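K.L.:
data-v7.cif is reproduced in full below (mmCIF, C-alpha atoms).
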```cif
data_coords
loop_
_atom_site.group_PDB
_atom_site.id
_atom_site.type_symbol
_atom_site.label_atom_id
_atom_site.label_comp_id
_atom_site.auth_asym_id
_atom_site.auth_seq_id
_atom_site.Cartn_x
_atom_site.Cartn_y
_atom_site.Cartn_z
ATOM 1 C CA ILE A 1 150.046 -12.250 -26.341
ATOM 2 C CA HIS A 2 152.075 -14.693 -28.359
ATOM 3 C CA PHE A 3 152.287 -13.911 -32.085
ATOM 4 C CA TYR A 4 150.171 -16.896 -33.184
ATOM 5 C CA LYS A 5 147.544 -16.282 -30.535
ATOM 6 C CA ARG A 6 147.394 -12.598 -31.448
ATOM 7 C CA ARG A 7 146.991 -13.465 -35.135
ATOM 8 C CA THR A 8 144.158 -15.855 -34.311
ATOM 9 C CA PHE A 9 142.536 -13.235 -32.080
ATOM 10 C CA VAL A 10 142.729 -10.643 -34.869
ATOM 11 C CA LYS A 11 141.093 -13.095 -37.320
ATOM 12 C CA ILE A 12 138.277 -13.831 -34.874
ATOM 13 C CA MET A 13 137.649 -10.137 -34.202
ATOM 14 C CA SER A 14 137.614 -9.461 -37.951
ATOM 15 C CA LYS A 15 134.934 -12.141 -38.438
ATOM 16 C CA ILE A 16 132.840 -10.640 -35.627
ATOM 17 C CA ARG A 17 133.064 -7.152 -37.165
ATOM 18 C CA GLN A 18 132.086 -8.609 -40.561
ATOM 19 C CA CYS A 19 129.067 -10.386 -39.012
ATOM 20 C CA ASN A 20 127.916 -7.218 -37.240
ATOM 21 C CA ALA A 21 128.279 -5.082 -40.380
ATOM 22 C CA TYR A 22 126.559 -7.663 -42.582
ATOM 23 C CA LEU A 23 123.575 -8.211 -40.279
ATOM 24 C CA THR A 24 123.176 -4.452 -39.784
ATOM 25 C CA ARG A 25 122.895 -4.104 -43.591
ATOM 26 C CA VAL A 26 120.416 -6.994 -43.737
ATOM 27 C CA LEU A 27 118.193 -5.467 -41.012
ATOM 28 C CA THR A 28 118.274 -2.035 -42.693
ATOM 29 C CA SER A 29 117.349 -3.609 -46.024
ATOM 30 C CA MET A 30 114.488 -5.592 -44.478
ATOM 31 C CA VAL A 31 113.027 -2.485 -42.800
ATOM 32 C CA SER A 32 113.221 -0.461 -46.026
ATOM 33 C CA PHE A 33 111.480 -3.248 -47.972
ATOM 34 C CA GLY A 34 108.206 -2.542 -46.169
ATOM 35 C CA GLY A 35 105.400 -4.783 -45.021
ATOM 36 C CA LEU A 36 105.720 -6.613 -41.718
ATOM 37 C CA ASP A 37 109.497 -6.148 -41.806
ATOM 38 C CA THR A 38 109.069 -2.440 -40.978
ATOM 39 C CA ALA A 39 108.364 -3.574 -37.405
ATOM 40 C CA LEU A 40 112.047 -4.546 -37.232
ATOM 41 C CA LYS A 41 112.995 -0.875 -36.985
ATOM 42 C CA ALA A 42 112.452 -1.351 -33.238
ATOM 43 C CA CYS A 43 115.162 -4.037 -33.168
ATOM 44 C CA LYS A 44 118.784 -3.237 -32.435
ATOM 45 C CA LEU A 45 121.621 -5.590 -33.217
ATOM 46 C CA VAL A 46 123.453 -6.186 -29.936
ATOM 47 C CA LYS A 47 125.988 -8.772 -31.072
ATOM 48 C CA ALA A 48 126.660 -11.081 -33.990
ATOM 49 C CA THR A 49 129.193 -13.849 -34.351
ATOM 50 C CA PRO A 50 129.209 -16.623 -36.941
ATOM 51 C CA GLY A 51 126.083 -18.665 -36.221
ATOM 52 C CA HIS A 52 124.852 -16.473 -33.369
ATOM 53 C CA CYS A 53 122.805 -13.279 -33.273
ATOM 54 C CA ILE A 54 121.493 -11.186 -30.369
ATOM 55 C CA LEU A 55 118.896 -8.459 -30.895
ATOM 56 C CA SER A 56 117.134 -6.191 -28.422
ATOM 57 C CA MET A 57 113.815 -4.421 -28.686
ATOM 58 C CA VAL A 58 111.392 -2.450 -26.534
ATOM 59 C CA VAL A 59 107.843 -3.819 -26.820
ATOM 60 C CA ALA A 60 105.563 -1.114 -28.273
ATOM 61 C CA SER A 61 101.814 -1.028 -28.835
ATOM 62 C CA GLU A 62 102.219 -2.163 -32.464
ATOM 63 C CA HIS A 63 103.827 -5.392 -31.165
ATOM 64 C CA ALA A 64 101.169 -6.064 -28.530
ATOM 65 C CA ASN A 65 97.827 -7.820 -28.279
ATOM 66 C CA ARG A 66 94.680 -6.410 -26.641
ATOM 67 C CA GLY A 67 96.005 -7.418 -23.245
ATOM 68 C CA GLY A 68 98.958 -5.052 -23.615
ATOM 69 C CA THR A 69 101.548 -7.812 -23.874
ATOM 70 C CA LEU A 70 103.821 -9.007 -26.674
ATOM 71 C CA HIS A 71 101.615 -10.691 -29.291
ATOM 72 C CA GLY A 72 102.306 -14.410 -29.716
ATOM 73 C CA ALA A 73 102.356 -14.147 -33.500
ATOM 74 C CA PHE A 74 104.831 -11.271 -33.352
ATOM 75 C CA SER A 75 107.097 -13.216 -31.013
ATOM 76 C CA ALA A 76 106.944 -16.104 -33.513
ATOM 77 C CA TYR A 77 108.014 -13.630 -36.201
ATOM 78 C CA LEU A 78 110.931 -12.523 -33.993
ATOM 79 C CA VAL A 79 112.022 -16.155 -33.541
ATOM 80 C CA ASP A 80 111.859 -16.614 -37.324
ATOM 81 C CA VAL A 81 113.843 -13.455 -38.089
ATOM 82 C CA GLY A 82 116.353 -13.914 -35.270
ATOM 83 C CA SER A 83 117.157 -17.514 -36.102
ATOM 84 C CA THR A 84 117.365 -16.715 -39.825
ATOM 85 C CA LEU A 85 119.826 -13.895 -39.104
ATOM 86 C CA ALA A 86 121.914 -16.299 -37.007
ATOM 87 C CA LEU A 87 122.013 -18.663 -39.981
ATOM 88 C CA MET A 88 122.891 -15.871 -42.405
ATOM 89 C CA SER A 89 125.780 -14.790 -40.173
ATOM 90 C CA LEU A 90 127.528 -18.092 -40.874
ATOM 91 C CA ASP A 91 128.343 -17.579 -44.531
ATOM 92 C CA GLN A 92 126.403 -14.490 -45.655
ATOM 93 C CA LYS A 93 124.178 -16.371 -48.072
ATOM 94 C CA LEU A 94 120.477 -16.072 -48.770
ATOM 95 C CA PRO A 95 118.329 -17.634 -46.059
ATOM 96 C CA GLY A 96 116.606 -20.916 -46.555
ATOM 97 C CA VAL A 97 112.933 -21.830 -46.493
ATOM 98 C CA SER A 98 111.232 -22.699 -43.214
ATOM 99 C CA LEU A 99 110.168 -26.324 -43.007
ATOM 100 C CA ASN A 100 109.135 -26.430 -39.369
ATOM 101 C CA MET A 101 108.816 -24.001 -36.467
ATOM 102 C CA ASN A 102 107.948 -24.788 -32.843
ATOM 103 C CA PHE A 103 107.264 -22.367 -30.014
ATOM 104 C CA THR A 104 106.874 -22.628 -26.279
ATOM 105 C CA TYR A 105 105.328 -19.556 -24.642
ATOM 106 C CA LEU A 106 106.317 -19.311 -20.982
ATOM 107 C CA LYS A 107 105.693 -15.713 -19.857
ATOM 108 C CA SER A 108 104.560 -12.419 -21.335
ATOM 109 C CA ALA A 109 106.309 -9.083 -21.852
ATOM 110 C CA LYS A 110 104.370 -5.864 -21.287
ATOM 111 C CA ILE A 111 104.452 -2.748 -23.433
ATOM 112 C CA GLY A 112 107.552 -0.752 -22.518
ATOM 113 C CA GLN A 113 109.635 -3.748 -21.442
ATOM 114 C CA GLU A 114 112.900 -4.444 -23.247
ATOM 115 C CA ILE A 115 113.360 -7.956 -24.602
ATOM 116 C CA ILE A 116 116.426 -9.808 -25.833
ATOM 117 C CA ILE A 117 116.199 -12.107 -28.862
ATOM 118 C CA ASP A 118 119.063 -14.608 -28.661
ATOM 119 C CA ALA A 119 119.316 -16.925 -31.668
ATOM 120 C CA ARG A 120 121.845 -19.465 -32.823
ATOM 121 C CA THR A 121 122.522 -22.030 -35.480
ATOM 122 C CA VAL A 122 122.626 -25.456 -33.867
ATOM 123 C CA ARG A 123 123.698 -27.405 -36.956
ATOM 124 C CA LYS A 124 123.881 -26.952 -40.711
ATOM 125 C CA GLU A 125 124.465 -29.948 -42.955
ATOM 126 C CA ASN A 126 123.062 -31.785 -45.964
ATOM 127 C CA GLY A 127 121.017 -28.779 -47.088
ATOM 128 C CA MET A 128 119.303 -28.429 -43.715
ATOM 129 C CA ALA A 129 119.779 -25.914 -40.910
ATOM 130 C CA PHE A 130 118.594 -26.455 -37.350
ATOM 131 C CA LEU A 131 118.101 -23.212 -35.460
ATOM 132 C CA GLU A 132 116.955 -22.132 -32.005
ATOM 133 C CA CYS A 133 115.983 -18.856 -30.417
ATOM 134 C CA GLU A 134 115.101 -17.595 -26.960
ATOM 135 C CA ILE A 135 113.283 -14.386 -26.151
ATOM 136 C CA LYS A 136 113.998 -13.106 -22.638
ATOM 137 C CA CYS A 137 113.026 -10.099 -20.567
ATOM 138 C CA LYS A 138 116.145 -7.961 -20.250
ATOM 139 C CA GLU A 139 115.301 -6.677 -16.779
ATOM 140 C CA SER A 140 114.383 -9.948 -15.065
ATOM 141 C CA GLY A 141 116.162 -12.437 -17.327
ATOM 142 C CA ASN A 142 112.958 -14.504 -17.457
ATOM 143 C CA LEU A 143 112.571 -16.763 -20.471
ATOM 144 C CA LEU A 144 109.465 -15.638 -22.364
ATOM 145 C CA VAL A 145 109.510 -17.702 -25.567
ATOM 146 C CA LYS A 146 111.631 -20.613 -26.733
ATOM 147 C CA GLY A 147 111.513 -21.440 -30.413
ATOM 148 C CA THR A 148 113.150 -23.830 -32.824
ATOM 149 C CA GLN A 149 113.190 -23.812 -36.587
ATOM 150 C CA THR A 150 114.294 -26.141 -39.358
ATOM 151 C CA GLN A 151 115.183 -24.570 -42.699
ATOM 152 C CA TYR A 152 115.995 -26.065 -46.067
ATOM 153 C CA VAL A 153 119.081 -24.221 -47.296
ATOM 154 C CA GLY A 154 120.030 -26.328 -50.301
ATOM 155 C CA SER A 155 119.140 -23.599 -52.803
ATOM 156 C CA SER A 156 121.087 -20.783 -51.101
ATOM 157 C CA LEU A 157 124.469 -21.585 -52.589
ATOM 158 C CA GLN A 158 125.571 -18.115 -53.687
ATOM 159 C CA PRO A 159 126.679 -15.301 -51.376
ATOM 160 C CA PHE A 160 124.198 -12.441 -51.342
ATOM 161 C CA LYS A 161 125.015 -8.728 -51.074
ATOM 162 C CA TRP A 162 122.468 -6.648 -49.161
#
```
The structure given in the file should be rewritten as structure tokens.
P.N.:
Amino acid sequence: IHFYKRRTFVKIMSKIRQCNAYLTRVLTSMVSFGGLDTALKACKLVKATPGHCILSMVVASEHANRGGTLHGAFSAYLVDVGSTLALMSLDQKLPGVSLNMNFTYLKSAKIGQEIIIDARTVRKENGMAFLECEIKCKESGNLLVKGTQTQYVGSSLQPFKW
């Protein structure tokens, strides 16, 4: 690899390692805080790059409805958390405040199935962040939930240490 290309590659890999380490600290902190966030202990960080976050999780009974499938409200929570983590991976600042969230429920996941939460920052400008997230079944690749979120991020100007 040419010197300049290698230097660029090293910088990119350093950013990816920083994103992974930062989001791992954020997830650990959220779980230890208590409340609903303790359900995130089932989530594993698969990959993080600036503006993009992938989590995986096995659906357990505490995430399910009476029908034995992933609860719609819990999947909405996963879209919220996943897309917020994708935003936080950009510049490691406090998350914004949700202004709008939309969900499309396409299929269900049963207890015991592994799901992938794939979230990304679409755009961030003028104090607003536009985020999207897809929840898929790992085994079949079927899209289960598609969600979008708009956050106001104007007040999160300072970096935050977790």
K.L.:
Can you tell me which residues surround range 126-138 of chain A at a distance of at most 10 Å, considering only C-alpha atoms, apart from same-chain residues fewer than 6 positions away, and format the answer as a PyMOL selection string?
P.N.:
chain A and resi 51-58+75-76+78-84+86-87+95-110+113-120+144-157
K.L.:
Name the closest residue to Thr121 in chain A among the candidates A:Asp37, A:Glu139, A:Asp91, A:Glu62; distances are taken between atoms, counting only C-alpha atoms.
P.N.:
A:Asp91
K.L.:
Which value, in Å to one decimal, gives the distance between CA of Leu40 in chain A and CA of Ala64 in chain A?
P.N.:
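Computing it gives 14.0 Å between the two atoms.
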K.L.:
So what do you get for CA of Ala60 in chain A versus CA of Ile111 in chain A, distance-wise?
P.N.:
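Separation of CA of Ala60 in chain A and CA of Ile111 in chain A: 5.2 Å.
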K.L.:
Do you have the CA of Asn65 in chain A-CA of Met30 in chain A distance handy?
P.N.:
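Interatomic distance here is 23.3 Å.
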K.L.:
Go through A:Thr38, A:Cys43, A:Arg66, A:Ser89 and flag the residue nearest Asn20 in chain A, using only C-alpha atoms for the distances.
P.N.:
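Going through A:Thr38, A:Cys43, A:Arg66, A:Ser89 one by one, the smallest distance to Asn20 in chain A is for A:Ser89.
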K.L.:
Taking (125.6, -9.0, -42.2) in the file's own coordinates, collect the residues within 10 Å, counting all atoms listed in the file, and hand them back as a list in words.
P.N.:
Ile16, Arg17, Gln18, Cys19, Asn20, Ala21, Tyr22, Leu23, Thr24, Arg25, Val26, Leu27, Ala48, Thr49, Pro50, Leu85, Ala86, Met88, Ser89, Leu90, Asp91, Gln92, Lys93, Phe160, Lys161 and Trp162 of chain A
K.L.:
Would you save range 18-49 of chain A from the block above with N, CA, C and O atoms, as a short mmCIF file (atom, residue, chain, number, x, y, z; two decimals), in the first residue's frame?
P.N.:
```cif
data_model
loop_
_atom_site.label_atom_id
_atom_site.label_comp_id
_atom_site.auth_asym_id
_atom_site.auth_seq_id
_atom_site.Cartn_x
_atom_site.Cartn_y
_atom_site.Cartn_z
N GLN A 18 -12.18 3.77 17.87
CA GLN A 18 -12.68 4.76 18.83
C GLN A 18 -14.21 4.68 18.94
O GLN A 18 -14.76 4.75 20.03
N CYS A 19 -14.89 4.54 17.81
CA CYS A 19 -16.36 4.43 17.80
C CYS A 19 -16.80 3.19 18.57
O CYS A 19 -17.71 3.26 19.40
N ASN A 20 -16.17 2.05 18.29
CA ASN A 20 -16.52 0.81 18.98
C ASN A 20 -16.31 0.93 20.48
O ASN A 20 -17.18 0.55 21.27
N ALA A 21 -15.17 1.47 20.89
CA ALA A 21 -14.87 1.61 22.33
C ALA A 21 -15.86 2.57 22.98
O ALA A 21 -16.36 2.31 24.08
N TYR A 22 -16.14 3.68 22.32
CA TYR A 22 -17.04 4.68 22.89
C TYR A 22 -18.45 4.11 23.06
O TYR A 22 -19.06 4.23 24.13
N LEU A 23 -18.98 3.49 22.01
CA LEU A 23 -20.35 2.97 22.10
C LEU A 23 -20.45 1.80 23.06
O LEU A 23 -21.49 1.61 23.70
N THR A 24 -19.40 1.03 23.22
CA THR A 24 -19.40 -0.03 24.24
C THR A 24 -19.51 0.58 25.63
O THR A 24 -20.29 0.10 26.47
N ARG A 25 -18.79 1.67 25.88
CA ARG A 25 -18.89 2.37 27.18
C ARG A 25 -20.29 2.95 27.38
O ARG A 25 -20.84 2.88 28.48
N VAL A 26 -20.86 3.51 26.33
CA VAL A 26 -22.21 4.09 26.42
C VAL A 26 -23.22 3.00 26.77
O VAL A 26 -24.04 3.17 27.68
N LEU A 27 -23.18 1.87 26.06
CA LEU A 27 -24.12 0.76 26.33
C LEU A 27 -23.97 0.25 27.76
O LEU A 27 -24.96 0.02 28.46
N THR A 28 -22.74 0.07 28.22
CA THR A 28 -22.49 -0.41 29.59
C THR A 28 -23.05 0.58 30.60
O THR A 28 -23.69 0.19 31.58
N SER A 29 -22.85 1.86 30.35
CA SER A 29 -23.37 2.89 31.25
C SER A 29 -24.90 2.90 31.28
O SER A 29 -25.51 3.03 32.34
N MET A 30 -25.51 2.73 30.11
CA MET A 30 -26.98 2.73 30.04
C MET A 30 -27.55 1.55 30.82
O MET A 30 -28.52 1.70 31.56
N VAL A 31 -26.95 0.37 30.66
CA VAL A 31 -27.43 -0.83 31.36
C VAL A 31 -27.29 -0.64 32.87
O VAL A 31 -28.21 -0.98 33.63
N SER A 32 -26.18 -0.08 33.32
CA SER A 32 -25.96 0.08 34.76
C SER A 32 -26.85 1.16 35.37
O SER A 32 -27.07 1.18 36.58
N PHE A 33 -27.39 2.05 34.54
CA PHE A 33 -28.27 3.11 35.04
C PHE A 33 -29.57 2.55 35.60
O PHE A 33 -30.12 3.05 36.55
N GLY A 34 -30.06 1.47 35.00
CA GLY A 34 -31.29 0.85 35.47
C GLY A 34 -32.48 1.20 34.60
O GLY A 34 -32.34 1.74 33.51
N GLY A 35 -33.65 0.88 35.09
CA GLY A 35 -34.88 1.15 34.35
C GLY A 35 -34.97 0.31 33.09
O GLY A 35 -34.44 -0.80 33.01
N LEU A 36 -35.63 0.84 32.09
CA LEU A 36 -35.82 0.13 30.82
C LEU A 36 -34.48 -0.19 30.16
O LEU A 36 -34.34 -1.20 29.48
N ASP A 37 -33.48 0.66 30.38
CA ASP A 37 -32.18 0.45 29.75
C ASP A 37 -31.51 -0.85 30.15
O ASP A 37 -30.60 -1.31 29.46
N THR A 38 -31.92 -1.47 31.25
CA THR A 38 -31.33 -2.76 31.63
C THR A 38 -31.62 -3.83 30.59
O THR A 38 -30.87 -4.80 30.49
N ALA A 39 -32.66 -3.65 29.80
CA ALA A 39 -32.98 -4.61 28.74
C ALA A 39 -31.91 -4.62 27.66
O ALA A 39 -31.80 -5.57 26.90
N LEU A 40 -31.08 -3.57 27.63
CA LEU A 40 -30.01 -3.49 26.63
C LEU A 40 -28.86 -4.44 26.91
O LEU A 40 -27.98 -4.61 26.08
N LYS A 41 -28.88 -5.08 28.08
CA LYS A 41 -27.82 -6.05 28.37
C LYS A 41 -27.85 -7.21 27.39
O LYS A 41 -26.86 -7.90 27.18
N ALA A 42 -28.99 -7.41 26.72
CA ALA A 42 -29.11 -8.46 25.70
C ALA A 42 -28.48 -8.03 24.37
O ALA A 42 -28.23 -8.87 23.52
N CYS A 43 -28.21 -6.74 24.22
CA CYS A 43 -27.65 -6.23 22.97
C CYS A 43 -26.13 -6.33 22.95
O CYS A 43 -25.48 -6.05 23.96
N LYS A 44 -25.62 -6.70 21.80
CA LYS A 44 -24.17 -6.74 21.59
C LYS A 44 -23.83 -5.80 20.45
O LYS A 44 -24.50 -5.80 19.42
N LEU A 45 -22.79 -5.01 20.65
CA LEU A 45 -22.33 -4.13 19.60
C LEU A 45 -21.56 -4.96 18.58
O LEU A 45 -20.57 -5.61 18.91
N VAL A 46 -22.06 -4.98 17.35
CA VAL A 46 -21.42 -5.75 16.28
C VAL A 46 -20.37 -4.89 15.59
O VAL A 46 -19.25 -5.31 15.37
N LYS A 47 -20.77 -3.65 15.26
CA LYS A 47 -19.88 -2.77 14.50
C LYS A 47 -20.32 -1.33 14.70
O LYS A 47 -21.52 -1.05 14.77
N ALA A 48 -19.34 -0.44 14.76
CA ALA A 48 -19.65 0.99 14.83
C ALA A 48 -18.64 1.75 13.99
O ALA A 48 -17.44 1.50 14.08
N THR A 49 -19.13 2.61 13.15
CA THR A 49 -18.31 3.55 12.40
C THR A 49 -18.96 4.91 12.57
O THR A 49 -20.13 4.98 12.99
#
```
